[in-house]
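Trainee: Data file my_file.csv (CSV, C-alpha atoms) is appended below.
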chain,number,residue,atom,x,y,z
A,222,MET,CA,-57.6,168.3,-57.4
A,223,SER,CA,-55.7,168.6,-54.2
A,224,TYR,CA,-52.1,167.6,-53.7
A,225,LEU,CA,-53.0,164.5,-51.7
A,226,SER,CA,-55.4,163.2,-54.3
A,227,GLN,CA,-52.7,163.7,-57.0
A,228,SER,CA,-50.1,161.8,-55.0
A,229,SER,CA,-52.4,158.9,-54.4
A,230,TYR,CA,-53.3,158.8,-58.0
A,231,ARG,CA,-49.7,158.6,-58.9
A,232,ARG,CA,-49.1,155.7,-56.5
A,233,GLN,CA,-52.1,153.8,-57.9
A,234,GLN,CA,-51.2,154.3,-61.6
A,235,PRO,CA,-48.0,152.1,-61.6
A,236,GLN,CA,-49.7,149.3,-59.6
A,237,SER,CA,-52.5,149.0,-62.2
A,238,SER,CA,-50.0,148.8,-65.0
A,239,GLY,CA,-48.2,146.0,-63.3
A,240,ARG,CA,-51.3,144.0,-62.9
A,241,LEU,CA,-52.1,144.5,-66.6
A,242,VAL,CA,-48.7,143.2,-67.5
A,243,GLY,CA,-49.2,140.1,-65.4
A,244,ILE,CA,-52.6,139.4,-66.8
A,245,ALA,CA,-51.2,139.7,-70.3
A,246,VAL,CA,-48.4,137.2,-69.6
A,247,VAL,CA,-50.9,134.7,-68.2
A,248,ILE,CA,-53.1,135.1,-71.3
A,249,LEU,CA,-50.1,134.5,-73.6
A,250,LEU,CA,-49.1,131.4,-71.6
A,251,HIS,CA,-52.6,129.9,-72.0
A,252,VAL,CA,-52.6,130.8,-75.7
A,253,GLY,CA,-49.2,129.1,-76.1
A,254,VAL,CA,-50.4,125.9,-74.3
A,255,ILE,CA,-53.6,125.8,-76.4
A,256,TYR,CA,-51.5,126.2,-79.6
A,257,ALA,CA,-49.2,123.5,-78.6
A,258,LEU,CA,-52.0,121.1,-77.9
A,259,ALA,CA,-53.6,122.0,-81.3
A,260,THR,CA,-50.4,121.5,-83.3
A,261,GLY,CA,-49.4,118.1,-81.5
A,262,LEU,CA,-46.3,119.3,-79.8
A,263,ALA,CA,-47.4,117.8,-76.6
A,264,GLN,CA,-47.8,114.4,-78.3
A,265,LYS,CA,-44.3,114.6,-79.7
A,266,ALA,CA,-42.9,115.4,-76.3
A,267,VAL,CA,-44.8,112.5,-74.7
A,268,SER,CA,-43.6,110.1,-77.4
A,269,VAL,CA,-40.0,111.3,-76.9
A,270,ILE,CA,-40.3,110.9,-73.1
A,271,ALA,CA,-42.1,107.5,-73.3
A,272,ASP,CA,-39.7,105.8,-75.7
A,273,PRO,CA,-39.2,102.2,-74.6
A,274,ILE,CA,-36.1,101.2,-72.8
A,275,LYS,CA,-34.2,98.6,-74.8
A,276,THR,CA,-32.4,95.9,-72.8
A,277,GLU,CA,-29.6,94.0,-74.3
A,278,ILE,CA,-28.1,90.7,-72.9
A,279,ILE,CA,-24.4,91.0,-72.9
A,280,GLU,CA,-22.7,87.6,-73.0
A,281,GLU,CA,-20.1,87.1,-70.3
A,282,ILE,CA,-16.7,86.7,-71.9
A,283,ALA,CA,-15.0,83.6,-70.5
A,284,PRO,CA,-11.5,84.1,-69.2
A,285,PRO,CA,-8.8,82.6,-71.4
A,286,PRO,CA,-7.8,79.0,-70.3
A,287,GLU,CA,-4.8,78.7,-68.1
A,288,GLU,CA,-1.7,77.7,-70.0
A,289,VAL,CA,-0.5,74.2,-68.9
A,290,PRO,CA,3.3,74.3,-68.4
A,291,PRO,CA,5.1,71.9,-70.7
A,292,PRO,CA,6.4,68.6,-69.2
A,293,PRO,CA,9.9,68.6,-67.9
A,294,PRO,CA,12.6,67.3,-70.3
A,295,PRO,CA,13.8,63.8,-69.7
A,296,PRO,CA,16.7,63.4,-67.4
A,297,LYS,CA,20.1,63.4,-69.0
A,298,PHE,CA,22.5,60.7,-67.8
A,299,ASP,CA,26.2,61.4,-67.9
A,300,THR,CA,26.9,57.8,-69.0
A,301,PRO,CA,24.5,55.9,-71.3
A,302,PRO,CA,23.1,52.6,-69.9
A,303,PRO,CA,25.0,49.4,-71.0
A,304,PRO,CA,23.5,47.6,-74.0
A,305,PHE,CA,21.4,44.5,-73.3
A,306,ILE,CA,23.5,41.3,-73.6
A,307,PRO,CA,21.4,38.1,-73.9
A,308,PRO,CA,22.5,35.3,-71.5
A,309,PRO,CA,24.4,32.4,-73.1
A,310,GLU,CA,22.4,29.3,-74.1
A,311,ILE,CA,23.3,26.3,-72.0
A,312,GLN,CA,22.7,22.9,-73.6
A,313,ILE,CA,22.3,20.0,-71.3
A,314,SER,CA,23.2,16.7,-72.9
A,315,GLN,CA,20.7,13.9,-72.1
A,316,PRO,CA,21.7,10.3,-72.2
A,317,PRO,CA,20.3,8.3,-75.0
A,318,PRO,CA,17.3,6.1,-74.2
A,319,PRO,CA,18.1,2.6,-73.2
A,320,THR,CA,17.7,0.0,-76.0
A,321,SER,CA,15.3,-2.9,-75.8
A,322,THR,CA,18.3,-5.2,-75.3
A,323,ALA,CA,19.4,-3.4,-72.2
A,324,ILE,CA,15.9,-3.5,-70.8
A,325,GLN,CA,15.6,-7.3,-71.4
A,326,THR,CA,19.0,-7.8,-69.8
A,327,THR,CA,18.1,-5.8,-66.7
A,328,THR,CA,14.8,-7.6,-66.4
A,329,ALA,CA,16.5,-11.0,-66.7
A,330,GLU,CA,19.0,-10.2,-64.0
A,331,ARG,CA,16.3,-9.3,-61.4
A,332,PRO,CA,14.3,-12.4,-60.4
A,333,PRO,CA,10.7,-11.7,-59.4
A,334,VAL,CA,10.1,-11.2,-55.8
A,335,VAL,CA,7.6,-13.7,-54.5
A,336,GLN,CA,5.7,-12.6,-51.4
A,337,PRO,CA,4.9,-15.5,-49.1
A,338,PRO,CA,1.2,-15.9,-48.5
A,339,THR,CA,0.0,-14.4,-45.2
A,340,ARG,CA,-1.5,-17.0,-42.9
A,341,MET,CA,-4.3,-16.0,-40.7
A,342,VAL,CA,-3.6,-17.6,-37.3
A,343,ALA,CA,-6.9,-18.3,-35.7
A,344,PRO,CA,-7.1,-17.6,-32.0
A,345,PRO,CA,-7.3,-20.6,-29.8
A,346,PRO,CA,-10.9,-21.7,-29.1
A,347,PRO,CA,-12.2,-20.8,-25.6
A,348,PRO,CA,-12.0,-23.6,-23.1
A,349,THR,CA,-15.2,-25.5,-22.5
A,350,GLY,CA,-16.3,-27.6,-19.6
A,351,GLY,CA,-18.0,-27.4,-16.3
A,352,LYS,CA,-21.6,-27.9,-15.2
A,353,ILE,CA,-24.4,-25.5,-14.3
A,354,ASP,CA,-26.2,-25.6,-11.0
A,355,VAL,CA,-29.8,-25.8,-12.1
A,356,LYS,CA,-31.2,-25.2,-8.6
A,357,SER,CA,-29.4,-21.8,-8.4
A,358,LEU,CA,-31.1,-20.8,-11.7
A,359,ALA,CA,-34.5,-21.6,-10.2
A,360,ARG,CA,-33.8,-19.7,-7.0
A,361,ASN,CA,-32.6,-16.6,-8.8
A,362,ARG,CA,-34.9,-15.7,-11.6
A,363,PRO,CA,-35.1,-12.1,-12.9
A,364,GLU,CA,-38.3,-10.1,-12.4
A,365,TYR,CA,-40.8,-10.2,-15.2
A,366,PRO,CA,-40.6,-6.9,-17.1
A,367,ALA,CA,-43.8,-4.9,-16.4
A,368,GLN,CA,-44.0,-3.6,-19.9
A,369,SER,CA,-43.8,-7.2,-21.2
A,370,ILE,CA,-46.7,-8.2,-19.0
A,371,ARG,CA,-48.9,-5.4,-20.2
A,372,LEU,CA,-48.0,-6.3,-23.8
A,373,GLU,CA,-48.4,-10.0,-23.1
A,374,GLU,CA,-44.8,-10.8,-24.2
A,375,ALA,CA,-43.6,-14.3,-23.4
A,376,GLY,CA,-41.0,-16.8,-24.8
A,377,THR,CA,-37.8,-18.8,-24.2
A,378,THR,CA,-34.3,-17.4,-24.5
A,379,VAL,CA,-31.6,-20.0,-25.2
A,380,MET,CA,-28.3,-18.9,-23.6
A,381,ARG,CA,-24.7,-20.1,-23.3
A,382,LEU,CA,-23.2,-19.4,-19.9
A,383,TYR,CA,-19.6,-18.8,-18.8
A,384,CYS,CA,-18.4,-20.4,-15.5
A,385,ASN,CA,-15.4,-18.7,-13.9
A,386,ALA,CA,-12.8,-20.3,-11.7
A,387,ASP,CA,-14.8,-19.2,-8.6
A,388,GLY,CA,-17.7,-21.4,-9.5
A,389,ARG,CA,-20.1,-18.5,-10.6
A,390,ILE,CA,-21.7,-17.6,-13.9
A,391,SER,CA,-20.2,-14.2,-14.9
A,392,ASP,CA,-20.9,-13.9,-18.6
A,393,ALA,CA,-23.4,-15.2,-21.2
A,394,THR,CA,-24.3,-15.0,-24.9
A,395,ILE,CA,-27.8,-15.3,-26.5
A,396,GLU,CA,-27.8,-18.2,-28.9
A,397,LYS,CA,-31.5,-17.9,-29.7
A,398,SER,CA,-33.8,-15.0,-28.9
A,399,SER,CA,-37.3,-15.2,-27.4
A,400,GLY,CA,-38.5,-12.7,-30.0
A,401,PHE,CA,-38.7,-9.9,-27.4
A,402,GLU,CA,-35.7,-7.8,-26.6
A,403,ARG,CA,-36.9,-6.9,-23.1
A,404,LEU,CA,-37.1,-10.6,-22.1
A,405,ASP,CA,-33.7,-11.4,-23.5
A,406,GLN,CA,-32.0,-8.4,-21.7
A,407,ALA,CA,-33.7,-9.4,-18.4
A,408,TRP,CA,-32.0,-12.9,-18.6
A,409,MET,CA,-28.6,-11.3,-19.7
A,410,LYS,CA,-28.6,-8.9,-16.8
A,411,GLU,CA,-29.3,-11.7,-14.3
A,412,ALA,CA,-26.6,-13.9,-15.8
A,413,LYS,CA,-23.9,-11.3,-15.2
A,414,ARG,CA,-24.9,-10.6,-11.6
A,415,GLY,CA,-22.9,-13.7,-10.4
A,416,ARG,CA,-25.8,-15.3,-8.4
A,417,TRP,CA,-25.9,-18.4,-10.6
A,418,ARG,CA,-23.6,-21.2,-9.4
A,419,CYS,CA,-21.6,-23.6,-11.5
A,420,GLU,CA,-18.9,-26.3,-11.3
A,421,PRO,CA,-15.8,-25.2,-13.3
A,422,PRO,CA,-13.5,-27.7,-15.0
A,423,THR,CA,-10.0,-28.4,-13.5
A,424,VAL,CA,-6.6,-28.4,-15.3
A,425,ASP,CA,-3.7,-30.0,-13.3
A,426,GLY,CA,-6.0,-30.1,-10.3
A,427,LYS,CA,-6.8,-26.3,-10.5
A,428,PRO,CA,-10.2,-24.9,-11.4
A,429,GLN,CA,-10.3,-23.0,-14.7
A,430,GLY,CA,-12.9,-20.7,-16.2
A,431,ALA,CA,-14.7,-22.1,-19.2
A,432,TRP,CA,-17.9,-21.9,-21.3
A,433,ILE,CA,-20.4,-24.6,-20.3
A,434,PRO,CA,-20.9,-26.7,-23.5
A,435,SER,CA,-24.6,-27.3,-22.9
A,436,MET,CA,-27.2,-24.6,-23.9
A,437,VAL,CA,-29.5,-23.4,-21.2
A,438,PRO,CA,-33.2,-22.5,-22.1
A,439,LEU,CA,-34.7,-19.8,-19.9
A,440,THR,CA,-38.4,-19.1,-20.2
A,441,PHE,CA,-40.8,-16.3,-19.3
A,442,ARG,CA,-44.5,-17.4,-19.0
A,443,LEU,CA,-47.4,-15.1,-18.4
A,444,GLU,CA,-48.9,-17.7,-16.0
A,445,ASP,CA,-46.0,-17.2,-13.7
A,446,ALA,CA,-46.6,-13.5,-13.6
A,447,ARG,CA,-50.3,-13.7,-12.6
Here is a file; write its structure as structure tokens.
Mentor:
Amino acid sequence: MSYLSQSSYRRQQPQSSGRLVGIAVVILLHVGVIYALATGLAQKAVSVIADPIKTEIIEEIAPPPEEVPPPPPPPKFDTPPPPFIPPPEIQISQPPPPTSTAIQTTTAERPPVVQPPTRMVAPPPPPTGGKIDVKSLARNRPEYPAQSIRLEEAGTTVMRLYCNADGRISDATIEKSSGFERLDQAWMKEAKRGRWRCEPPTVDGKPQGAWIPSMVPLTFRLEDAR
């Protein structure tokens, strides 16, 4: 063997021994793992690792209540208040009630007051007199109410007339109705217009207004309206 072959052989010999050592270590590791699986060491390790995590609820501790300061002491007065003194009782003397004798004497001394009866003074009656001018009544008749014609209302109104000092009828009163208000009001309106003439009575030679004593009948007839 030459020198070169010997040197190469020497370099290759340590490299093969290193490989053998590595292969032996790998084999030992596999054997160890297989042994661990067979003996249950892996299960114990898993059980140790997979232990459940326990949770505990910790109650919150409430803070202690605040201390309330004590009330302040009552004020101290230098001088005590004066004691209560009740007011004095005042007695009012009342006069004794009057006796029956005194009451009788007082009643006897006062005569009863008699009120004079009130007399109703009747007003003087209105003056009467004069005469009515019948022709003026015939010349100045009121218009027949149209509503009364449609309803065929007719009748006689008995009136009392007032003759003033100027010789005219200026007022009137209805003594008896015709039964229809429209007819009565038509005569009343015409009587107060002053177109009816009259002769007033005279007092000391002067004319004076008066109610004519005689009643005056005034009639509405449907024949006159047609």
Trainee: Excluding same-chain residues fewer than 4 positions from Glu374 (chain A), what lies within 7 Å of it counting only C-alpha atoms, as a list in words?
Mentor: Ser369, Ile370 and Phe401 of chain A
Trainee: Can you write out as JSON lines which residues of region 373-411 of chain A fall within 8 Å of region 416-425 of chain A, alongside each residue's closest atom pair and its distance in Å to one decimal, counting only C-alpha atoms and ordering rows by chain and ascending residue number?
Mentor:
{"residue": "A:Cys384", "atom": "CA", "partner": "A:Pro421", "partner_atom": "CA", "distance": 5.9}
{"residue": "A:Asn385", "atom": "CA", "partner": "A:Pro421", "partner_atom": "CA", "distance": 6.5}
{"residue": "A:Ala386", "atom": "CA", "partner": "A:Pro421", "partner_atom": "CA", "distance": 6.0}
{"residue": "A:Asp387", "atom": "CA", "partner": "A:Pro421", "partner_atom": "CA", "distance": 7.7}
{"residue": "A:Gly388", "atom": "CA", "partner": "A:Cys419", "partner_atom": "CA", "distance": 4.9}
{"residue": "A:Arg389", "atom": "CA", "partner": "A:Arg418", "partner_atom": "CA", "distance": 4.6}
{"residue": "A:Ile390", "atom": "CA", "partner": "A:Trp417", "partner_atom": "CA", "distance": 5.4}
{"residue": "A:Glu411", "atom": "CA", "partner": "A:Arg416", "partner_atom": "CA", "distance": 7.7}
Trainee: CA of Gly376 (chain A) and CA of Asp445 (chain A) are how many Å apart?
Mentor: 12.2 Å
Trainee: Hey, which of A:Gly351, A:Pro333, A:Pro363, A:Pro292 ends up closest to Asp405 (chain A)? Count all atoms listed in the file.
Mentor: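 That would be A:Pro363, the residue with the smallest distance to Asp405 (chain A).
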Trainee: Just to confirm, what's the straight-line distance from CA of Gln429 (chain A) to CA of Gly350 (chain A) in Å (one decimal)?
Mentor: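 Those two atoms sit 9.0 Å apart.
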Trainee: Please compute the CA of Pro366 (chain A)-CA of Val437 (chain A) distance, one decimal, in Å.
Mentor: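 Taking CA of Pro366 (chain A) as the start and CA of Val437 (chain A) as the end point, the length is 20.3 Å.
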Trainee: Between A:Ala375, A:Ala412, A:Met380, A:Ala446, single out the one closest to Gly400 (chain A), counting only C-alpha atoms.
Mentor: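 For Gly400 (chain A), the nearest of the given residues is A:Ala375.
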Trainee: Could you check the closest approach to Leu358 (chain A) for each of A:Pro434, A:Pro293, A:Gly253, A:Gly415 and tell me which residue wins, using only C-alpha atoms?
Mentor: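 Using only C-alpha atoms, Leu358 (chain A) sits closest to A:Gly415.
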